[in-house]
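Notes to accompany the following structure.
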Amino acid sequence: MDAYIVKGGAPLKGMVTIGGAKNAALGILAGAIMADSTVSIDNVPNVRDTGVMLQAIEGIGAKVQHVYSNSVQINGTGITNIDVEYDYIRRIRASYYLLGALLGKYHEASVALPGGCAIGSRPIDQHLKGFRALGASVDLDHGMIYAKAEHLHGAHIYFDVVSVGATINLMLAACMADGYTVLENVAKEPHIVDVANFLNAMGADIRGAGTDVIRINGVRRLHGTTYSIIPDQIEAGTFMAGAAITHGDVTVNNVIPKHLECISAKLAEMGCTVIEDDESVRVIGAERLRPANVKTLPYPGFPTDMQPQITVALSLADGSSLVTESIFENRFKYVDELNRMGAHIQVEGNTAYVTGVSQLTGAQLAAPDLRAGAALVMAALSADGFSKIEDIHFIQRGYEDFVGKLRGLGAKIEEVDDDYKERKFKLRYA
Ligand code: EPZ
């Protein structure tokens with residue numbers, strides 16, 4: 001079983017270039033099939049999730065060409081099949097963006113109903129409510145969603161909860177519907193704006209992305225385009241938190257500092273020095289971090305996808321902190337692993353009570369999900385001694401060349417797939 005082996009104690013120091021935003025790429029890749037000619041997309045992160053999405057797109061008959069490692073061309077004109085197989089949804093929930101894209105373009109789609117995952121039950125009732133409002137019939141049968149519309153028309157849709165997925169799926173489904181659609185109480189993340197900008201580059205007419213209300217005038221066709229995806233806010237935030245956790249000095253390059261403001265502000269509140277430039281942010285970790293309280297909220301609030309990483313930093317702070325997870329109902333599973341490293345964290349409901357300790361110790365760990373896995377790696381990098389992190393496939397879903405980028409910052413980390421390599425690593429850094 002592949003794992004990361006880590007020798008802790010080396011501060012992360014240097015520059016790291018941030019890749020394209022995974023959560024923008026997944027909506028954009030799905031939307032690309034709606035064009036009536038080839039779409040070229042650059043700065044696509046080369047991670048498992050985008051790989052599965054591209055397989056799902058090929059699976060329904062679209063042409064996918066990998067131009068470079070982070071550039072693809074998609075041509076959806078040859079789509080013959082509107083059924084997205086269960087295997088793709090099982091591997092990544094975001095395959096359900098093909099539901100919005102196929103319904104928007106072909107007025108018909110069937111996709112497996114996604115299950116819950118490690119962080120919560122994650123229903124998609126708001127997606128389905130929106131599709132029905134546009135005139136689609138949506139039936140659930142044997143774990144599949146069948147959506148079909150004689151005529152897709154504009155609608156006024158008010159989301160009961162702020163949902164990234166539902167916002168993106170409804171922009172996809174409504175952008176070619178007949179007439180005017182208003183989406184209210186929408187998500188405002190940078191990746192929402194990126195998907196809207198991409199659809200507009202293909203000829204859609206979407207306004208207001210990034211605000212509480214998105215207005216869409218349906219268009220008859222979407223044409224090919226060339227588009228480059230924005231940098232990944234969460235990958236950048238993960239490395240910024242790594243500087244705080246390891247008392248390091250890390251500059252994240254190729255970022256949009258505005259997207260990182262809530263993370264930068266929290267790290268500064270905890271005593272780090274944060275220096276913003278046009279396309280980079282430098283974080284110099286404090287000698288001893290100050291405690292702070294964090295509540296995850298939809299953008300521009302503190303991102304839930306940064307909750308594990310900031311909690312690791314707070315576990316090393318000089319005092320007590322509160323972390324409240326208001327987006328997902330089960331996003332503290334990693335705390336048990338962190339406490340095995342000597343952290344003092346107690347979880348009651350959706351709040352973690354963190355009492356900072358001066359040092360964590362290395363341990364045998366398992367990544368419970370994508371972001372918690374990355375956070376545990378950062379914890380291991382700061383801990384005393386060796387750590388081994390298993391189930392790294394979760395981490396590889398969303399972090400391109402994670403080991404390479406960390407080693408570039410001085411980390412003692414290696415991906416191993418057998419005991420011999422693990423022993424060799426330990427001998428090298430004994
Ligand atoms: C997206 O998930 C991201 N995934 C998640 O990132 C991220 O944590 C989440 O948004 C919140 O920012 C992708 O973009 C691929 P939501 P999504 O719909 O769209 C409830 C990562 O690490 N809800 O905004 O599934 C839901 O249960 C991943 O990259 C409904 O009740 O999240 C949750 O409590 C992890 N009904 C809340 O809304 C619905 O129909 C927010 O979920 C939809 C959502």
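Naming works like this for the structure tokens: A, B, ... for the chains as they're shown, residue 1 at the start of each chain, ligands 1 onward in shown order.
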
**Request:** Taking the chain letters and numbering used in this document, name the residues of region 79-301 of chain A that DSSP puts in strand (DSSP E or B), as an NGL selection string.
**Result:** :A and (83-84 or 108-112 or 117 or 120 or 137-141 or 144-148 or 153 or 156-158 or 178 or 180-184 or 205-207 or 209 or 211 or 213-217 or 226-228 or 231 or 249-253 or 273-276 or 280-284 or 294-296)

Can you tell me which residues sit at most 9 Å away from ligand 1, counting only C-alpha atoms and all ligand atoms, written as an mmCIF file with N, CA and C atoms, in the first residue's frame?
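What landed in pocket13.cif:
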```cif
data_model
loop_
_atom_site.group_PDB
_atom_site.id
_atom_site.type_symbol
_atom_site.label_atom_id
_atom_site.label_comp_id
_atom_site.auth_asym_id
_atom_site.auth_seq_id
_atom_site.Cartn_x
_atom_site.Cartn_y
_atom_site.Cartn_z
ATOM 1 N N LYS A 22 -8.582 22.844 -8.416
ATOM 2 C CA LYS A 22 -9.301 21.569 -8.689
ATOM 3 C C LYS A 22 -10.805 21.813 -8.756
ATOM 4 N N ASN A 23 -11.341 22.591 -7.823
ATOM 5 C CA ASN A 23 -12.791 22.724 -7.727
ATOM 6 C C ASN A 23 -13.379 23.669 -8.761
ATOM 7 N N ALA A 24 -12.505 24.400 -9.453
ATOM 8 C CA ALA A 24 -12.948 25.136 -10.649
ATOM 9 C C ALA A 24 -12.844 24.204 -11.862
ATOM 10 N N ALA A 25 -11.740 23.458 -11.906
ATOM 11 C CA ALA A 25 -11.474 22.588 -13.068
ATOM 12 C C ALA A 25 -12.602 21.581 -13.268
ATOM 13 N N LEU A 26 -13.126 21.014 -12.174
ATOM 14 C CA LEU A 26 -14.145 19.963 -12.312
ATOM 15 C C LEU A 26 -15.417 20.517 -12.972
ATOM 16 N N GLY A 27 -15.821 21.731 -12.620
ATOM 17 C CA GLY A 27 -16.996 22.343 -13.261
ATOM 18 C C GLY A 27 -16.696 22.746 -14.692
ATOM 19 N N ASP A 49 -8.734 13.567 -9.216
ATOM 20 C CA ASP A 49 -10.111 13.985 -9.472
ATOM 21 C C ASP A 49 -10.306 14.472 -10.908
ATOM 22 N N ILE A 92 -15.567 10.105 -7.967
ATOM 23 C CA ILE A 92 -15.658 11.530 -7.601
ATOM 24 C C ILE A 92 -17.087 12.025 -7.751
ATOM 25 N N ARG A 93 -17.605 12.591 -6.670
ATOM 26 C CA ARG A 93 -18.981 13.086 -6.631
ATOM 27 C C ARG A 93 -19.190 14.126 -7.727
ATOM 28 N N ALA A 94 -18.179 14.898 -8.008
ATOM 29 C CA ALA A 94 -18.345 16.041 -8.937
ATOM 30 C C ALA A 94 -18.633 15.584 -10.359
ATOM 31 N N SER A 95 -18.610 14.266 -10.580
ATOM 32 C CA SER A 95 -19.048 13.790 -11.907
ATOM 33 C C SER A 95 -20.484 14.224 -12.149
ATOM 34 N N GLY A 116 -22.790 9.549 0.376
ATOM 35 C CA GLY A 116 -22.113 10.487 1.284
ATOM 36 C C GLY A 116 -20.625 10.222 1.190
ATOM 37 N N ILE A 119 -16.824 13.211 5.028
ATOM 38 C CA ILE A 119 -17.059 14.466 5.766
ATOM 39 C C ILE A 119 -18.538 14.761 5.974
ATOM 40 N N GLY A 120 -19.407 13.924 5.399
ATOM 41 C CA GLY A 120 -20.824 14.200 5.655
ATOM 42 C C GLY A 120 -21.721 13.507 4.657
ATOM 43 N N SER A 121 -23.048 13.658 4.834
ATOM 44 C CA SER A 121 -23.994 12.931 3.967
ATOM 45 C C SER A 121 -24.093 13.596 2.601
ATOM 46 N N ARG A 122 -23.900 14.894 2.530
ATOM 47 C CA ARG A 122 -23.785 15.646 1.276
ATOM 48 C C ARG A 122 -24.933 15.358 0.287
ATOM 49 N N PRO A 123 -26.142 15.671 0.675
ATOM 50 C CA PRO A 123 -27.282 15.469 -0.226
ATOM 51 C C PRO A 123 -27.187 16.383 -1.457
ATOM 52 N N ILE A 124 -27.967 16.089 -2.493
ATOM 53 C CA ILE A 124 -27.976 16.976 -3.672
ATOM 54 C C ILE A 124 -29.397 17.455 -3.977
ATOM 55 N N ASP A 125 -30.198 17.595 -2.942
ATOM 56 C CA ASP A 125 -31.589 18.039 -3.126
ATOM 57 C C ASP A 125 -31.686 19.405 -3.801
ATOM 58 N N GLN A 126 -30.746 20.291 -3.537
ATOM 59 C CA GLN A 126 -30.820 21.626 -4.150
ATOM 60 C C GLN A 126 -30.539 21.582 -5.649
ATOM 61 N N HIS A 127 -29.648 20.657 -6.029
ATOM 62 C CA HIS A 127 -29.384 20.481 -7.477
ATOM 63 C C HIS A 127 -30.685 20.057 -8.168
ATOM 64 N N LEU A 128 -31.333 19.036 -7.595
ATOM 65 C CA LEU A 128 -32.510 18.432 -8.225
ATOM 66 C C LEU A 128 -33.671 19.420 -8.233
ATOM 67 N N LYS A 129 -33.792 20.188 -7.148
ATOM 68 C CA LYS A 129 -34.843 21.210 -7.078
ATOM 69 C C LYS A 129 -34.657 22.225 -8.212
ATOM 70 N N PHE A 159 -31.860 28.982 -3.455
ATOM 71 C CA PHE A 159 -31.266 27.823 -2.787
ATOM 72 C C PHE A 159 -31.499 27.911 -1.278
ATOM 73 N N ASP A 160 -31.944 26.787 -0.704
ATOM 74 C CA ASP A 160 -32.181 26.746 0.753
ATOM 75 C C ASP A 160 -30.869 26.807 1.532
ATOM 76 N N VAL A 161 -29.816 26.241 0.924
ATOM 77 C CA VAL A 161 -28.490 26.312 1.555
ATOM 78 C C VAL A 161 -27.508 26.815 0.506
ATOM 79 N N VAL A 162 -26.450 27.469 0.948
ATOM 80 C CA VAL A 162 -25.419 27.930 0.012
ATOM 81 C C VAL A 162 -24.619 26.700 -0.418
ATOM 82 N N SER A 163 -24.664 26.379 -1.702
ATOM 83 C CA SER A 163 -24.023 25.145 -2.176
ATOM 84 C C SER A 163 -23.160 25.424 -3.401
ATOM 85 N N VAL A 164 -21.871 25.119 -3.284
ATOM 86 C CA VAL A 164 -20.953 25.264 -4.428
ATOM 87 C C VAL A 164 -21.444 24.393 -5.582
ATOM 88 N N GLY A 165 -21.686 23.125 -5.292
ATOM 89 C CA GLY A 165 -22.072 22.187 -6.332
ATOM 90 C C GLY A 165 -23.362 22.565 -7.018
ATOM 91 N N ALA A 166 -24.366 22.933 -6.228
ATOM 92 C CA ALA A 166 -25.662 23.275 -6.822
ATOM 93 C C ALA A 166 -25.545 24.553 -7.654
ATOM 94 N N THR A 167 -24.744 25.507 -7.186
ATOM 95 C CA THR A 167 -24.569 26.753 -7.943
ATOM 96 C C THR A 167 -23.947 26.465 -9.307
ATOM 97 N N ILE A 168 -22.901 25.645 -9.312
ATOM 98 C CA ILE A 168 -22.231 25.309 -10.575
ATOM 99 C C ILE A 168 -23.153 24.479 -11.470
ATOM 100 N N ALA A 187 -23.435 30.208 -3.940
ATOM 101 C CA ALA A 187 -22.061 30.222 -3.420
ATOM 102 C C ALA A 187 -21.281 31.296 -4.175
ATOM 103 N N GLU A 189 -17.632 31.405 -4.027
ATOM 104 C CA GLU A 189 -16.210 31.025 -4.056
ATOM 105 C C GLU A 189 -15.552 31.473 -5.355
ATOM 106 N N HIS A 191 -13.966 29.735 -7.352
ATOM 107 C CA HIS A 191 -14.179 28.746 -8.419
ATOM 108 C C HIS A 191 -15.564 28.876 -9.053
ATOM 109 N N ILE A 234 -7.029 26.572 -2.124
ATOM 110 C CA ILE A 234 -6.836 25.665 -0.981
ATOM 111 C C ILE A 234 -5.440 25.035 -1.001
ATOM 112 N N LEU A 297 -17.066 29.089 7.067
ATOM 113 C CA LEU A 297 -18.242 29.704 6.451
ATOM 114 C C LEU A 297 -18.074 29.692 4.933
ATOM 115 N N PRO A 298 -19.175 29.861 4.201
ATOM 116 C CA PRO A 298 -19.027 30.023 2.744
ATOM 117 C C PRO A 298 -18.158 31.250 2.458
ATOM 118 N N TYR A 299 -17.498 31.248 1.316
ATOM 119 C CA TYR A 299 -16.664 32.385 0.896
ATOM 120 C C TYR A 299 -17.488 33.670 0.944
ATOM 121 N N PRO A 303 -12.547 29.078 4.723
ATOM 122 C CA PRO A 303 -12.996 27.902 3.971
ATOM 123 C C PRO A 303 -12.978 26.608 4.775
ATOM 124 N N THR A 304 -14.041 25.836 4.658
ATOM 125 C CA THR A 304 -14.089 24.529 5.332
ATOM 126 C C THR A 304 -12.939 23.639 4.858
ATOM 127 N N ASP A 305 -12.490 23.834 3.615
ATOM 128 C CA ASP A 305 -11.404 22.984 3.100
ATOM 129 C C ASP A 305 -10.051 23.330 3.711
ATOM 130 N N MET A 306 -10.026 24.396 4.535
ATOM 131 C CA MET A 306 -8.794 24.734 5.256
ATOM 132 C C MET A 306 -8.932 24.434 6.750
ATOM 133 N N SER A 326 -19.053 24.747 10.328
ATOM 134 C CA SER A 326 -20.486 25.020 10.115
ATOM 135 C C SER A 326 -20.977 24.533 8.755
ATOM 136 N N ILE A 327 -20.106 23.948 7.945
ATOM 137 C CA ILE A 327 -20.526 23.509 6.611
ATOM 138 C C ILE A 327 -20.860 22.018 6.581
ATOM 139 N N PHE A 328 -19.961 21.187 7.086
ATOM 140 C CA PHE A 328 -20.180 19.723 7.048
ATOM 141 C C PHE A 328 -20.346 19.188 8.456
ATOM 142 N N GLU A 329 -21.076 18.060 8.537
ATOM 143 C CA GLU A 329 -21.421 17.544 9.874
ATOM 144 C C GLU A 329 -20.388 16.577 10.434
ATOM 145 N N ASP A 369 -9.470 11.782 4.700
ATOM 146 C CA ASP A 369 -10.041 12.410 3.501
ATOM 147 C C ASP A 369 -8.977 13.348 2.914
ATOM 148 N N LEU A 370 -9.318 13.988 1.836
ATOM 149 C CA LEU A 370 -8.340 14.779 1.079
ATOM 150 C C LEU A 370 -7.644 15.853 1.911
ATOM 151 N N ARG A 371 -8.399 16.760 2.494
ATOM 152 C CA ARG A 371 -7.779 17.923 3.163
ATOM 153 C C ARG A 371 -7.202 17.518 4.521
ATOM 154 N N ALA A 372 -7.873 16.608 5.222
ATOM 155 C CA ALA A 372 -7.331 16.144 6.507
ATOM 156 C C ALA A 372 -6.027 15.399 6.270
ATOM 157 N N ARG A 397 -5.880 13.014 -4.669
ATOM 158 C CA ARG A 397 -7.067 13.484 -5.387
ATOM 159 C C ARG A 397 -6.967 14.972 -5.703
ATOM 160 N N GLY A 398 -6.270 15.720 -4.803
ATOM 161 C CA GLY A 398 -6.351 17.172 -4.966
ATOM 162 C C GLY A 398 -5.040 17.914 -4.900
#
```

**Asked** Do you know which residues are at most 9 Å from region 35-37 of chain A counting only C-alpha atoms, after dropping those on the same chain fewer than 3 positions away, and could you put them as a list in words?
**Response** Gly31, Ala32, Ile74, Asn75, Gly76, Thr77, Lys105, Met202, Arg221, Leu222, His223, Gly224 and Thr225 of chain A

The selected residues should be written to file as a PDB file, in the first residue's frame (atoms: N, CA, C and O atoms).
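Output file part_9.pdb is given in full below:
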```pdb
ATOM      1  N   GLY A  31     -18.370  21.458 -18.174  1.00  0.00           N
ATOM      2  CA  GLY A  31     -19.041  22.449 -19.023  1.00  0.00           C
ATOM      3  C   GLY A  31     -18.509  22.455 -20.445  1.00  0.00           C
ATOM      4  O   GLY A  31     -19.222  22.787 -21.386  1.00  0.00           O
ATOM      5  N   ALA A  32     -17.256  22.028 -20.614  1.00  0.00           N
ATOM      6  CA  ALA A  32     -16.616  22.072 -21.946  1.00  0.00           C
ATOM      7  C   ALA A  32     -17.355  21.206 -22.962  1.00  0.00           C
ATOM      8  O   ALA A  32     -17.329  21.471 -24.166  1.00  0.00           O
ATOM      9  N   ILE A  74     -10.989  19.467 -25.275  1.00  0.00           N
ATOM     10  CA  ILE A  74     -12.213  18.653 -25.183  1.00  0.00           C
ATOM     11  C   ILE A  74     -13.134  19.022 -26.329  1.00  0.00           C
ATOM     12  O   ILE A  74     -13.342  20.219 -26.596  1.00  0.00           O
ATOM     13  N   ASN A  75     -13.682  17.975 -26.997  1.00  0.00           N
ATOM     14  CA  ASN A  75     -14.677  18.227 -28.042  1.00  0.00           C
ATOM     15  C   ASN A  75     -15.869  17.325 -27.799  1.00  0.00           C
ATOM     16  O   ASN A  75     -15.772  16.109 -27.903  1.00  0.00           O
ATOM     17  N   GLY A  76     -16.981  17.943 -27.427  1.00  0.00           N
ATOM     18  CA  GLY A  76     -18.160  17.163 -27.016  1.00  0.00           C
ATOM     19  C   GLY A  76     -19.126  16.907 -28.141  1.00  0.00           C
ATOM     20  O   GLY A  76     -20.225  16.392 -27.919  1.00  0.00           O
ATOM     21  N   THR A  77     -18.725  17.241 -29.385  1.00  0.00           N
ATOM     22  CA  THR A  77     -19.716  17.139 -30.473  1.00  0.00           C
ATOM     23  C   THR A  77     -20.060  15.678 -30.790  1.00  0.00           C
ATOM     24  O   THR A  77     -21.082  15.400 -31.381  1.00  0.00           O
ATOM     25  N   LYS A 105     -27.392  20.866 -22.359  1.00  0.00           N
ATOM     26  CA  LYS A 105     -27.100  20.804 -23.806  1.00  0.00           C
ATOM     27  C   LYS A 105     -28.070  19.878 -24.546  1.00  0.00           C
ATOM     28  O   LYS A 105     -28.553  20.207 -25.624  1.00  0.00           O
ATOM     29  N   MET A 202     -17.335  30.875 -23.607  1.00  0.00           N
ATOM     30  CA  MET A 202     -17.914  30.009 -24.654  1.00  0.00           C
ATOM     31  C   MET A 202     -19.175  30.652 -25.242  1.00  0.00           C
ATOM     32  O   MET A 202     -19.880  30.039 -26.041  1.00  0.00           O
ATOM     33  N   ARG A 221     -26.410  28.581 -28.399  1.00  0.00           N
ATOM     34  CA  ARG A 221     -25.248  27.698 -28.608  1.00  0.00           C
ATOM     35  C   ARG A 221     -24.065  28.205 -27.819  1.00  0.00           C
ATOM     36  O   ARG A 221     -23.994  29.378 -27.461  1.00  0.00           O
ATOM     37  N   LEU A 222     -23.144  27.294 -27.546  1.00  0.00           N
ATOM     38  CA  LEU A 222     -21.870  27.658 -26.923  1.00  0.00           C
ATOM     39  C   LEU A 222     -20.759  27.245 -27.873  1.00  0.00           C
ATOM     40  O   LEU A 222     -20.791  26.131 -28.422  1.00  0.00           O
ATOM     41  N   HIS A 223     -19.811  28.124 -28.110  1.00  0.00           N
ATOM     42  CA  HIS A 223     -18.739  27.853 -29.077  1.00  0.00           C
ATOM     43  C   HIS A 223     -17.444  27.491 -28.349  1.00  0.00           C
ATOM     44  O   HIS A 223     -17.333  27.641 -27.128  1.00  0.00           O
ATOM     45  N   GLY A 224     -16.482  27.020 -29.105  1.00  0.00           N
ATOM     46  CA  GLY A 224     -15.183  26.667 -28.538  1.00  0.00           C
ATOM     47  C   GLY A 224     -14.470  27.895 -28.000  1.00  0.00           C
ATOM     48  O   GLY A 224     -14.819  29.034 -28.321  1.00  0.00           O
ATOM     49  N   THR A 225     -13.482  27.665 -27.139  1.00  0.00           N
ATOM     50  CA  THR A 225     -12.711  28.774 -26.577  1.00  0.00           C
ATOM     51  C   THR A 225     -11.400  28.225 -26.012  1.00  0.00           C
ATOM     52  O   THR A 225     -11.194  27.005 -25.996  1.00  0.00           O
TER      53      THR A 225
END
```

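Using only C-alpha atoms, the nearest neighbour of Glu58 (chain A) within the list A:Ile33, A:Ala317, A:Val44, A:Leu113 is A:Ile33.
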
**Pick from A:Ser321, A:Thr246, A:Thr273, A:Asn43 nearest to Asp384 (chain A), counting only C-alpha atoms** = A:Thr246

So that I can see what lies close to Leu427 (chain A), please list as a PDB file with N, CA and C atoms, in the first residue's frame the residues with an atom at most 12 Å from it, counting only C-alpha atoms and leaving out residues fewer than 6 positions away in the same chain.
```
ATOM      1  N   LYS A   7      10.147  12.488   7.990  1.00  0.00           N
ATOM      2  CA  LYS A   7      10.977  12.748   9.172  1.00  0.00           C
ATOM      3  C   LYS A   7      10.702  14.205   9.552  1.00  0.00           C
ATOM      4  N   PHE A 386       9.744  10.108  13.214  1.00  0.00           N
ATOM      5  CA  PHE A 386       9.203   9.640  11.940  1.00  0.00           C
ATOM      6  C   PHE A 386       7.691   9.467  12.012  1.00  0.00           C
ATOM      7  N   TYR A 420      11.116  -2.066   2.482  1.00  0.00           N
ATOM      8  CA  TYR A 420      12.543  -1.823   2.198  1.00  0.00           C
ATOM      9  C   TYR A 420      12.790  -0.319   2.008  1.00  0.00           C
ATOM     10  N   LYS A 421      11.935   0.308   1.199  1.00  0.00           N
ATOM     11  CA  LYS A 421      12.124   1.750   0.939  1.00  0.00           C
ATOM     12  C   LYS A 421      11.941   2.546   2.231  1.00  0.00           C
TER      13      LYS A 421
END
```
